[in-house]
$ cat my_file_14.tsv   # TSV, C-alpha atoms
chain	number	residue	atom	x	y	z
I	1029	MET	CA	-8.86	-58.65	-2.67
I	1030	ASN	CA	-5.97	-60.25	-4.53
I	1031	GLU	CA	-2.41	-58.94	-4.80
I	1032	LYS	CA	-3.09	-57.23	-8.13
I	1033	GLU	CA	-6.11	-55.38	-6.74
I	1034	THR	CA	-4.18	-54.24	-3.65
I	1035	LYS	CA	-1.45	-52.81	-5.84
I	1036	LEU	CA	-3.77	-51.01	-8.22
I	1037	ASN	CA	-6.59	-49.74	-6.05
I	1038	PRO	CA	-6.60	-47.91	-2.71
I	1039	VAL	CA	-8.28	-49.88	0.06
I	1040	TYR	CA	-11.15	-47.35	0.17
I	1041	ALA	CA	-11.85	-47.60	-3.58
I	1042	LEU	CA	-14.47	-49.75	-5.24
I	1043	LYS	CA	-13.48	-53.39	-5.57
I	1044	GLU	CA	-12.34	-54.34	-9.05
I	1045	TYR	CA	-15.05	-55.94	-11.20
I	1046	SER	CA	-17.81	-54.31	-9.14
I	1047	PHE	CA	-20.98	-53.47	-11.06
I	1048	LEU	CA	-22.70	-50.09	-11.07
I	1049	ASP	CA	-26.12	-48.76	-12.09
I	1050	HIS	CA	-27.90	-52.13	-12.31
I	1051	HIS	CA	-25.00	-53.81	-14.14
I	1052	SER	CA	-24.75	-51.02	-16.72
I	1053	TYR	CA	-21.04	-50.60	-15.94
I	1054	GLN	CA	-18.26	-52.74	-14.54
I	1055	VAL	CA	-15.37	-51.11	-12.69
I	1056	LYS	CA	-11.76	-52.07	-13.32
I	1057	GLU	CA	-8.64	-50.36	-11.98
I	1058	VAL	CA	-8.27	-46.87	-10.52
I	1059	LEU	CA	-7.00	-44.32	-13.04
I	1060	GLY	CA	-6.50	-41.48	-10.59
I	1061	GLU	CA	-7.91	-39.74	-7.57
I	1062	GLY	CA	-8.12	-36.30	-6.04
I	1063	GLY	CA	-9.75	-34.47	-3.18
I	1064	PHE	CA	-13.14	-34.60	-4.87
I	1065	GLY	CA	-13.34	-38.16	-6.15
I	1066	ILE	CA	-11.87	-41.31	-7.64
I	1067	THR	CA	-11.75	-42.08	-11.37
I	1068	TYR	CA	-11.85	-45.68	-12.56
I	1069	LYS	CA	-11.39	-47.45	-15.85
I	1070	GLY	CA	-14.49	-49.45	-16.68
I	1071	ARG	CA	-16.70	-51.01	-19.35
I	1072	ASN	CA	-20.30	-50.48	-20.34
I	1073	ARG	CA	-22.76	-53.22	-21.31
I	1074	VAL	CA	-21.45	-53.49	-24.87
I	1075	GLY	CA	-17.81	-53.61	-23.82
I	1076	THR	CA	-16.78	-50.03	-24.60
I	1077	ILE	CA	-14.00	-48.78	-22.33
I	1078	VAL	CA	-15.08	-45.73	-20.31
I	1079	ALA	CA	-13.81	-43.60	-17.44
I	1080	ILE	CA	-16.06	-43.50	-14.36
I	1081	LYS	CA	-15.76	-40.70	-11.81
I	1082	GLU	CA	-17.04	-41.48	-8.31
I	1083	CYS	CA	-17.99	-38.65	-5.96
I	1084	PHE	CA	-15.74	-39.45	-2.99
I	1085	PRO	CA	-14.64	-36.22	-1.26
I	1086	GLN	CA	-11.73	-37.03	1.01
I	1087	GLY	CA	-12.46	-36.43	4.68
I	1088	GLU	CA	-16.23	-36.38	4.13
I	1089	VAL	CA	-16.87	-40.07	3.44
I	1090	THR	CA	-15.70	-43.56	4.36
I	1091	ARG	CA	-16.26	-47.00	2.85
I	1092	ASP	CA	-15.96	-50.38	4.49
I	1093	ASN	CA	-15.22	-52.75	1.62
I	1094	GLN	CA	-15.91	-55.73	3.84
I	1095	ASN	CA	-19.57	-54.77	3.89
I	1096	GLY	CA	-20.12	-53.80	0.25
I	1097	ASN	CA	-19.40	-50.74	-1.86
I	1098	ALA	CA	-21.81	-48.22	-0.33
I	1099	ILE	CA	-20.13	-45.22	1.27
I	1100	THR	CA	-20.98	-43.52	4.55
I	1101	TRP	CA	-21.25	-39.73	4.57
I	1102	HIS	CA	-20.13	-37.63	7.52
I	1103	THR	CA	-21.83	-34.50	6.20
I	1104	ASP	CA	-24.92	-33.64	4.13
I	1105	HIS	CA	-24.13	-35.37	0.84
I	1106	THR	CA	-26.72	-33.53	-1.26
I	1107	GLN	CA	-24.45	-30.52	-1.71
I	1108	TYR	CA	-21.92	-32.83	-3.36
I	1109	THR	CA	-23.92	-35.46	-5.19
I	1110	GLU	CA	-26.79	-33.36	-6.49
I	1111	ASP	CA	-24.43	-30.62	-7.70
I	1112	LEU	CA	-22.23	-33.20	-9.42
I	1113	LEU	CA	-25.13	-34.86	-11.22
I	1114	ALA	CA	-26.70	-31.55	-12.26
I	1115	GLU	CA	-23.46	-30.12	-13.62
I	1116	ALA	CA	-22.56	-33.39	-15.36
I	1117	ARG	CA	-25.84	-33.31	-17.23
I	1118	ARG	CA	-25.12	-29.76	-18.35
I	1119	VAL	CA	-21.63	-30.71	-19.50
I	1120	ALA	CA	-23.13	-33.59	-21.48
I	1121	GLN	CA	-24.75	-30.94	-23.68
I	1122	ILE	CA	-21.31	-29.84	-24.89
I	1123	THR	CA	-20.91	-31.71	-28.16
I	1124	ASP	CA	-18.87	-29.32	-30.31
I	1125	CYS	CA	-15.66	-28.94	-28.28
I	1126	PRO	CA	-13.31	-31.78	-29.26
I	1127	LEU	CA	-10.65	-30.93	-26.67
I	1128	ILE	CA	-13.15	-31.43	-23.84
I	1129	VAL	CA	-13.66	-35.06	-22.84
I	1130	PRO	CA	-17.45	-35.51	-23.07
I	1131	VAL	CA	-19.76	-36.76	-20.32
I	1132	ARG	CA	-21.86	-39.74	-21.44
I	1133	ASP	CA	-23.90	-40.64	-18.37
I	1134	ALA	CA	-24.54	-39.75	-14.74
I	1135	PHE	CA	-26.33	-41.74	-12.04
I	1136	PHE	CA	-26.66	-42.43	-8.30
I	1137	ASP	CA	-25.41	-45.66	-6.73
I	1138	ASN	CA	-23.67	-46.84	-3.55
I	1139	ASN	CA	-25.05	-43.77	-1.76
I	1140	THR	CA	-23.06	-41.44	-4.00
I	1141	ALA	CA	-22.96	-40.01	-7.53
I	1142	TYR	CA	-21.09	-41.20	-10.63
I	1143	VAL	CA	-20.22	-39.57	-13.93
I	1144	VAL	CA	-19.25	-41.58	-17.01
I	1145	MET	CA	-16.86	-40.06	-19.56
I	1146	ASP	CA	-15.01	-41.19	-22.65
I	1147	TYR	CA	-11.79	-43.04	-21.88
I	1148	VAL	CA	-8.78	-41.17	-23.26
I	1149	LYS	CA	-5.54	-42.98	-24.04
I	1150	GLY	CA	-2.43	-41.18	-22.94
I	1151	VAL	CA	-0.93	-39.82	-19.74
I	1152	THR	CA	-1.83	-36.88	-17.57
I	1153	LEU	CA	0.19	-33.71	-18.03
I	1154	ARG	CA	1.53	-34.31	-14.54
I	1155	GLU	CA	2.88	-37.71	-15.58
I	1156	TYR	CA	4.09	-36.32	-18.91
I	1157	ILE	CA	6.28	-33.77	-17.11
I	1158	ARG	CA	7.48	-36.44	-14.70
I	1159	GLN	CA	8.57	-38.63	-17.61
I	1160	LYS	CA	10.00	-36.01	-19.97
I	1161	GLY	CA	10.99	-33.19	-17.65
I	1162	LYS	CA	10.26	-29.47	-17.65
I	1163	MET	CA	9.02	-27.72	-20.78
I	1164	ALA	CA	10.24	-24.52	-22.38
I	1165	PHE	CA	7.76	-21.70	-21.74
I	1166	SER	CA	7.00	-21.11	-25.42
I	1167	ASP	CA	6.45	-24.83	-26.06
I	1168	CYS	CA	4.18	-25.09	-23.03
I	1169	ILE	CA	1.99	-22.22	-24.25
I	1170	ARG	CA	1.96	-23.70	-27.74
I	1171	MET	CA	0.69	-27.01	-26.33
I	1172	LEU	CA	-1.96	-25.44	-24.10
I	1173	ALA	CA	-3.13	-22.60	-26.38
I	1174	PRO	CA	-5.79	-24.70	-28.19
I	1175	LEU	CA	-7.15	-25.76	-24.81
I	1176	MET	CA	-7.28	-22.15	-23.60
I	1177	GLU	CA	-9.19	-21.23	-26.74
I	1178	GLU	CA	-11.64	-24.08	-26.15
I	1179	LEU	CA	-12.13	-23.09	-22.51
I	1180	ASN	CA	-12.95	-19.56	-23.58
I	1181	ARG	CA	-15.73	-20.99	-25.74
I	1182	ILE	CA	-17.03	-23.07	-22.81
I	1183	HIS	CA	-17.11	-19.97	-20.63
I	1184	GLN	CA	-18.78	-17.77	-23.23
I	1185	ASP	CA	-21.15	-20.17	-24.99
I	1186	TYR	CA	-22.07	-22.64	-22.25
I	1187	HIS	CA	-21.55	-20.42	-19.17
I	1188	LEU	CA	-19.58	-23.17	-17.42
I	1189	ILE	CA	-16.40	-22.86	-15.42
I	1190	HIS	CA	-14.27	-25.93	-14.78
I	1191	ARG	CA	-12.93	-25.09	-11.27
I	1192	ASP	CA	-10.50	-28.03	-11.28
I	1193	ILE	CA	-7.90	-27.33	-13.99
I	1194	SER	CA	-4.59	-28.91	-13.05
I	1195	PRO	CA	-1.89	-31.14	-14.59
I	1196	SER	CA	-3.81	-34.15	-13.26
I	1197	ASN	CA	-6.91	-33.23	-15.29
I	1198	ILE	CA	-5.21	-32.57	-18.62
I	1199	MET	CA	-4.49	-35.62	-20.75
I	1200	VAL	CA	-1.60	-35.68	-23.22
I	1201	GLN	CA	-2.53	-38.10	-25.99
I	1202	GLU	CA	-0.19	-40.25	-28.04
I	1203	ASP	CA	0.13	-37.49	-30.67
I	1204	GLU	CA	0.88	-34.98	-27.87
I	1205	THR	CA	-2.36	-33.08	-28.26
I	1206	VAL	CA	-4.14	-32.30	-25.01
I	1207	ARG	CA	-7.69	-32.78	-23.78
I	1208	LEU	CA	-9.36	-31.61	-20.60
I	1209	LEU	CA	-10.85	-34.14	-18.21
I	1210	ASP	CA	-13.25	-34.07	-15.32
I	1211	PHE	CA	-15.90	-31.39	-15.29
I	1212	GLY	CA	-17.14	-32.99	-12.07
I	1213	ALA	CA	-16.51	-29.75	-10.17
I	1214	ALA	CA	-17.88	-27.50	-12.94
I	1215	LYS	CA	-20.23	-24.68	-12.04
I	1216	VAL	CA	-22.74	-22.75	-14.09
I	1217	ILE	CA	-22.02	-19.04	-14.28
I	1218	GLU	CA	-25.07	-17.11	-13.18
I	1219	GLY	CA	-25.36	-14.32	-15.70
I	1220	ALA	CA	-27.46	-12.22	-13.35
I	1221	LEU	CA	-24.52	-11.77	-11.02
I	1222	GLU	CA	-21.95	-9.04	-11.49
I	1223	LYS	CA	-19.41	-9.80	-14.24
I	1224	GLY	CA	-20.94	-13.20	-14.87
I	1225	ALA	CA	-19.79	-14.59	-11.54
I	1226	THR	CA	-21.39	-17.25	-9.40
I	1227	VAL	CA	-21.22	-17.68	-5.65
I	1228	SER	CA	-20.56	-21.32	-4.76
I	1229	ARG	CA	-19.43	-23.54	-1.91
I	1230	PRO	CA	-15.66	-23.84	-1.51
I	1231	PHE	CA	-13.86	-26.25	-3.82
I	1232	SER	CA	-10.10	-26.27	-3.76
I	1233	LYS	CA	-7.07	-28.08	-5.12
I	1234	ASP	CA	-4.52	-26.23	-2.99
I	1235	ASN	CA	-1.69	-25.61	-5.47
I	1236	TYR	CA	-3.95	-24.74	-8.40
I	1237	SER	CA	-7.10	-23.17	-6.94
I	1238	PRO	CA	-7.60	-19.41	-6.58
I	1239	HIS	CA	-8.56	-17.78	-3.32
I	1240	GLU	CA	-12.22	-17.28	-4.27
I	1241	GLN	CA	-12.67	-21.07	-4.54
I	1242	GLN	CA	-11.37	-21.59	-1.03
I	1243	ILE	CA	-13.73	-19.29	0.86
I	1244	GLU	CA	-17.46	-19.21	1.51
I	1245	HIS	CA	-19.38	-17.02	-0.93
I	1246	GLY	CA	-16.35	-16.45	-3.16
I	1247	LYS	CA	-17.17	-14.98	-6.58
I	1248	VAL	CA	-16.12	-17.63	-9.05
I	1249	GLY	CA	-15.96	-16.92	-12.78
I	1250	PRO	CA	-13.79	-17.37	-15.89
I	1251	TRP	CA	-10.97	-15.64	-13.98
I	1252	SER	CA	-10.92	-18.65	-11.63
I	1253	ASP	CA	-9.98	-20.99	-14.49
I	1254	VAL	CA	-7.42	-18.38	-15.61
I	1255	TYR	CA	-5.65	-18.73	-12.26
I	1256	ALA	CA	-5.61	-22.53	-12.48
I	1257	MET	CA	-4.32	-22.46	-16.07
I	1258	CYS	CA	-1.44	-20.14	-15.14
I	1259	ALA	CA	-0.63	-22.35	-12.15
I	1260	THR	CA	-0.55	-25.32	-14.52
I	1261	ILE	CA	1.81	-23.45	-16.88
I	1262	LEU	CA	4.05	-22.71	-13.89
I	1263	PHE	CA	4.17	-26.41	-13.06
I	1264	CYS	CA	5.12	-27.30	-16.64
I	1265	ILE	CA	8.06	-24.90	-16.80
I	1266	THR	CA	9.40	-25.52	-13.28
I	1267	GLY	CA	8.51	-29.17	-12.77
I	1268	LYS	CA	7.11	-28.30	-9.34
I	1269	PRO	CA	3.60	-27.50	-8.07
I	1270	PRO	CA	3.11	-23.76	-7.48
I	1271	VAL	CA	2.92	-22.32	-3.99
I	1272	PRO	CA	-0.68	-22.47	-2.68
I	1273	VAL	CA	-2.45	-19.13	-2.86
I	1274	ILE	CA	-2.95	-19.06	0.91
I	1275	GLU	CA	0.86	-18.90	1.29
I	1276	ARG	CA	1.28	-16.04	-1.22
I	1277	PHE	CA	-0.48	-13.23	0.64
I	1278	GLU	CA	2.70	-11.75	2.08
I	1279	ASP	CA	4.65	-12.12	-1.17
I	1280	PRO	CA	2.36	-12.48	-4.22
I	1281	LYS	CA	5.19	-12.27	-6.77
I	1282	LEU	CA	6.32	-15.35	-8.67
I	1283	HIS	CA	9.93	-16.32	-8.07
I	1284	LEU	CA	10.98	-18.58	-10.93
I	1285	PRO	CA	14.01	-20.84	-10.42
I	1286	ASN	CA	17.18	-20.32	-12.45
I	1287	ASP	CA	17.10	-23.78	-14.02
I	1288	ILE	CA	14.07	-23.32	-16.29
I	1289	LEU	CA	14.70	-24.40	-19.88
I	1290	GLU	CA	13.99	-21.09	-21.59
I	1291	PRO	CA	14.62	-17.55	-20.31
I	1292	ILE	CA	11.34	-15.78	-19.53
I	1293	SER	CA	11.06	-12.09	-20.24
I	1294	PRO	CA	9.90	-9.71	-17.49
I	1295	LYS	CA	6.71	-9.22	-19.51
I	1296	SER	CA	6.03	-12.98	-19.63
I	1297	ASN	CA	6.62	-13.19	-15.90
I	1298	SER	CA	4.20	-10.30	-15.31
I	1299	ILE	CA	1.58	-12.06	-17.45
I	1300	LEU	CA	1.78	-15.13	-15.23
I	1301	GLU	CA	1.71	-12.96	-12.11
I	1302	LYS	CA	-1.41	-11.17	-13.32
I	1303	GLY	CA	-3.02	-14.49	-14.23
I	1304	MET	CA	-2.32	-15.70	-10.69
I	1305	ALA	CA	-3.23	-12.48	-8.87
I	1306	ILE	CA	-4.71	-13.26	-5.46
I	1307	SER	CA	-7.62	-10.87	-6.01
I	1308	TYR	CA	-9.80	-12.00	-8.91
I	1309	GLU	CA	-10.46	-8.36	-9.81
I	1310	LYS	CA	-6.76	-7.86	-10.62
I	1311	ARG	CA	-6.59	-10.96	-12.79
I	1312	TYR	CA	-7.24	-11.41	-16.52
I	1313	GLN	CA	-11.02	-11.64	-16.59
I	1314	THR	CA	-11.30	-14.12	-19.47
I	1315	MET	CA	-9.22	-16.92	-20.93
I	1316	ASP	CA	-9.12	-14.95	-24.17
I	1317	ASP	CA	-7.52	-11.99	-22.35
I	1318	LEU	CA	-4.79	-14.30	-21.05
I	1319	LEU	CA	-4.20	-16.00	-24.38
I	1320	THR	CA	-4.07	-12.69	-26.25
I	1321	ALA	CA	-1.39	-11.39	-23.86
I	1322	LEU	CA	0.64	-14.57	-24.19
I	1323	LYS	CA	0.45	-14.62	-27.99
I	1324	LYS	CA	1.48	-10.98	-28.24
I	1325	GLU	CA	4.50	-11.56	-26.01
I	1326	LEU	CA	5.62	-14.84	-27.57
I	1327	LYS	CA	4.97	-14.21	-31.26
I	1328	TRP	CA	8.61	-13.42	-32.04
I	1329	VAL	CA	9.84	-16.52	-30.22
I	1330	TRP	CA	7.36	-18.64	-32.15
I	1331	LEU	CA	8.24	-16.91	-35.41
I	1332	GLU	CA	11.90	-17.81	-35.00
I	1333	LYS	CA	11.02	-21.40	-34.14
I	1334	ALA	CA	8.67	-21.57	-37.11
I	1335	LYS	CA	11.47	-20.38	-39.40
I	1336	ASP	CA	13.79	-23.04	-37.98
I	1337	ALA	CA	11.14	-25.71	-38.44
I	1338	ILE	CA	10.50	-24.70	-42.03
I	1339	ALA	CA	14.25	-24.74	-42.69
I	1340	GLY	CA	14.43	-28.26	-41.30
I	1341	ASP	CA	16.65	-27.28	-38.41
I	1342	ASP	CA	14.17	-27.94	-35.65
I	1343	GLU	CA	14.87	-31.31	-33.99
I	1344	LEU	CA	11.19	-32.12	-33.68
I	1345	THR	CA	10.70	-31.57	-37.39
I	1346	LYS	CA	13.62	-33.89	-38.16
I	1347	LYS	CA	11.83	-36.58	-36.15
I	1348	GLY	CA	8.62	-35.93	-38.08
I	1349	THR	CA	6.69	-34.84	-35.02
I	1350	SER	CA	6.21	-31.92	-32.70
I	1351	PHE	CA	4.32	-30.89	-29.59
I	1352	ASN	CA	1.79	-29.36	-31.94
I	1353	ASP	CA	1.11	-32.38	-34.15
I	1354	LYS	CA	-2.64	-32.80	-34.41
I	1355	THR	CA	-4.93	-35.48	-35.65
I	1356	PRO	CA	-7.22	-34.26	-38.48
I	1357	GLU	CA	-10.13	-33.46	-36.21
I	1358	PHE	CA	-8.02	-31.02	-34.24
I	1359	GLN	CA	-5.66	-29.24	-36.65
I	1360	PRO	CA	-2.97	-29.98	-39.26
I	1361	LYS	CA	0.63	-30.62	-38.28
I	1362	GLY	CA	3.38	-28.09	-38.08
I	1363	PHE	CA	4.69	-25.08	-36.24
I	1364	GLY	CA	3.99	-22.92	-39.27
I	1365	TYR	CA	0.29	-23.77	-39.04
I	1366	PHE	CA	0.30	-22.96	-35.33
I	1367	PHE	CA	1.87	-19.59	-35.99
I	1368	HIS	CA	-0.71	-18.80	-38.67
I	1369	LYS	CA	-3.67	-20.12	-36.62
I	1370	PHE	CA	-2.98	-18.53	-33.24
I	1371	LEU	CA	-1.20	-15.34	-34.23
$ encode --input "my_file_14.tsv" --output "structure tokens"
Amino acid sequence: MNEKETKLNPVYALKEYSFLDHHSYQVKEVLGEGGFGITYKGRNRVGTIVAIKECFPQGEVTRDNQNGNAITWHTDHTQYTEDLLAEARRVAQITDCPLIVPVRDAFFDNNTAYVVMDYVKGVTLREYIRQKGKMAFSDCIRMLAPLMEELNRIHQDYHLIHRDISPSNIMVQEDETVRLLDFGAAKVIEGALEKGATVSRPFSKDNYSPHEQQIEHGKVGPWSDVYAMCATILFCITGKPPVPVIERFEDPKLHLPNDILEPISPKSNSILEKGMAISYEKRYQTMDDLLTALKKELKWVWLEKAKDAIAGDDELTKKGTSFNDKTPEFQPKGFGYFFHKFL
């Protein structure tokens, strides 16, 4: 492994320029990694740039790069690989949700599973906040509202929950629109269960996962993505990951720091607290419930900002851009349009 490869890729990752699925794909550098897997930049046979997610749950597998790319499992891998491939194929059926990065392929190689997605230019929301700093609460909701609306459609129409919403899985594109990555942990909602819940094996990203995802036989549903979305909002406005749910049992209230960019009303704070309630039964049950509460509370803030933008006083308008600028396939530009569309 040369110096460039050592810098870019962890020692346990696939070697750069490795081939997958009978030379269908070639792996380049690592784009990111989490507890569930590693995502690489790659190319397909015709040279199209893609993102390739490798099932590589930390603590459950090892790889000795000196002896090839195959991984060794220290547990029964079927619960990971077969679930990932099955859910990826279901997600591939989602073709009418432009804010969701589509799945293009899924296969088994190197004793593990892979999912191929479109490659999205931009930075993760986590990196965006690192570069630009904390966001005002109203601007954060304005940026994420279209994604919340899209997630509600995924829950209702496709009966899928994401289970891994976090700043690392939301891409901010060059025009500052957002798209959701990585449905690798997605789960089908079993309609026969109470309230459209599904009982699944634990899957957790500590700072962003609700309690029901961290326990055996937890009832996971749309409310689980609600928790993760509110935790992501909290990260955007504070610049810090939220306290893990396991540490909030004694004091479930949210204690926001004094240095946030925009004062948050007691009602807004209570909305976030309800969205991050430890018990799923006390939470907003759908993404639409959460978004409706947020829009109702923030409409006057947005109205004032819309008036400023129309008057030409808003700094973003002077620069000819805004957090809400959209390419044609998403929505027209302007705060006024956002106010009309979402309120």
$ closest_residue --input "my_file_14.tsv" --among "I:Asp1049, I:Glu1061, I:Glu1110, I:Glu1204" --to "Phe1135 (chain I)" --atoms "only C-alpha atoms"
I:Asp1049
$ residues_around --input "my_file_14.tsv" --residues "Ile1128 (chain I)" --least-positions-apart "5" --cutoff "7 Å" --atoms "only C-alpha atoms" --output "list in words"
Arg1207, Leu1208 and Leu1209 of chain I
$ residues_around --input "my_file_14.tsv" --residues "Pro1130 (chain I)" --least-positions-apart "4" --cutoff "8 Å" --atoms "only C-alpha atoms" --output "ChimeraX atom specification"
/I:1119-1120,1122-1123,1145-1146
$ closest_residue --input "my_file_14.tsv" --among "I:Val1329, I:Ile1261, I:Leu1153, I:Met1176" --to "Glu1202 (chain I)" --atoms "all atoms listed in the file"
I:Leu1153
$ atom_distance --input "my_file_14.tsv" --atom1 "CA of Ile1265 (chain I)" --atom2 "CA of Gln1241 (chain I)"
24.4 Å
$ atom_distance --input "my_file_14.tsv" --atom1 "CA of His1051 (chain I)" --atom2 "CA of Gly1070 (chain I)"
11.7 Å
$ residues_around --input "my_file_14.tsv" --residues "Asn1095 (chain I)" --least-positions-apart "2" --cutoff "12 Å" --atoms "all atoms listed in the file" --output "VMD selection string"
chain I and resid 1040 1042 to 1043 1090 to 1093 1097 to 1100 1138
$ residues_around --input "my_file_14.tsv" --residues "Leu1127 (chain I)" --least-positions-apart "4" --cutoff "10 Å" --atoms "only C-alpha atoms" --output "JSON, numbers by chain"
{"I": [1174, 1175, 1176, 1177, 1178, 1179, 1198, 1199, 1205, 1206, 1207, 1208, 1209, 1357, 1358]}
$ atom_distance --input "my_file_14.tsv" --atom1 "CA of His1187 (chain I)" --atom2 "CA of Val1216 (chain I)"
5.7 Å
$ closest_residue --input "my_file_14.tsv" --among "I:Cys1264, I:Leu1300, I:Ala1114, I:Ile1288" --to "Met1171 (chain I)" --atoms "only C-alpha atoms"
I:Cys1264
$ closest_residue --input "my_file_14.tsv" --among "I:Val1058, I:Leu1172, I:Val1254, I:Val1200" --to "Glu1044 (chain I)" --atoms "all atoms listed in the file"
I:Val1058
$ closest_residue --input "my_file_14.tsv" --among "I:Ala1173, I:Ile1243, I:Ile1292, I:Ile1193" --to "Leu1319 (chain I)" --atoms "only C-alpha atoms"
I:Ala1173
$ closest_residue --input "my_file_14.tsv" --among "I:Val1055, I:Ala1141, I:Val1129, I:Leu1262" --to "Glu1082 (chain I)" --atoms "all atoms listed in the file"
I:Ala1141
$ residues_around --input "my_file_14.tsv" --residues "Lys1302 (chain I)" --least-positions-apart "4" --cutoff "10 Å" --atoms "only C-alpha atoms" --output "compact mmCIF listing (two decimals) with C-alpha atoms, keeping the file's coordinate frame"
# COMPACT_ATOMS: atom_id res chain seq x y z
CA VAL I 1254 -7.42 -18.38 -15.61
CA TYR I 1255 -5.65 -18.73 -12.26
CA CYS I 1258 -1.44 -20.14 -15.14
CA PRO I 1280 2.36 -12.48 -4.22
CA LYS I 1281 5.19 -12.27 -6.77
CA LEU I 1282 6.32 -15.35 -8.67
CA SER I 1296 6.03 -12.98 -19.63
CA ASN I 1297 6.62 -13.19 -15.90
CA SER I 1298 4.20 -10.30 -15.31
CA ILE I 1306 -4.71 -13.26 -5.46
CA SER I 1307 -7.62 -10.87 -6.01
CA TYR I 1308 -9.80 -12.00 -8.91
CA LYS I 1310 -6.76 -7.86 -10.62
CA ARG I 1311 -6.59 -10.96 -12.79
CA TYR I 1312 -7.24 -11.41 -16.52
CA LEU I 1318 -4.79 -14.30 -21.05
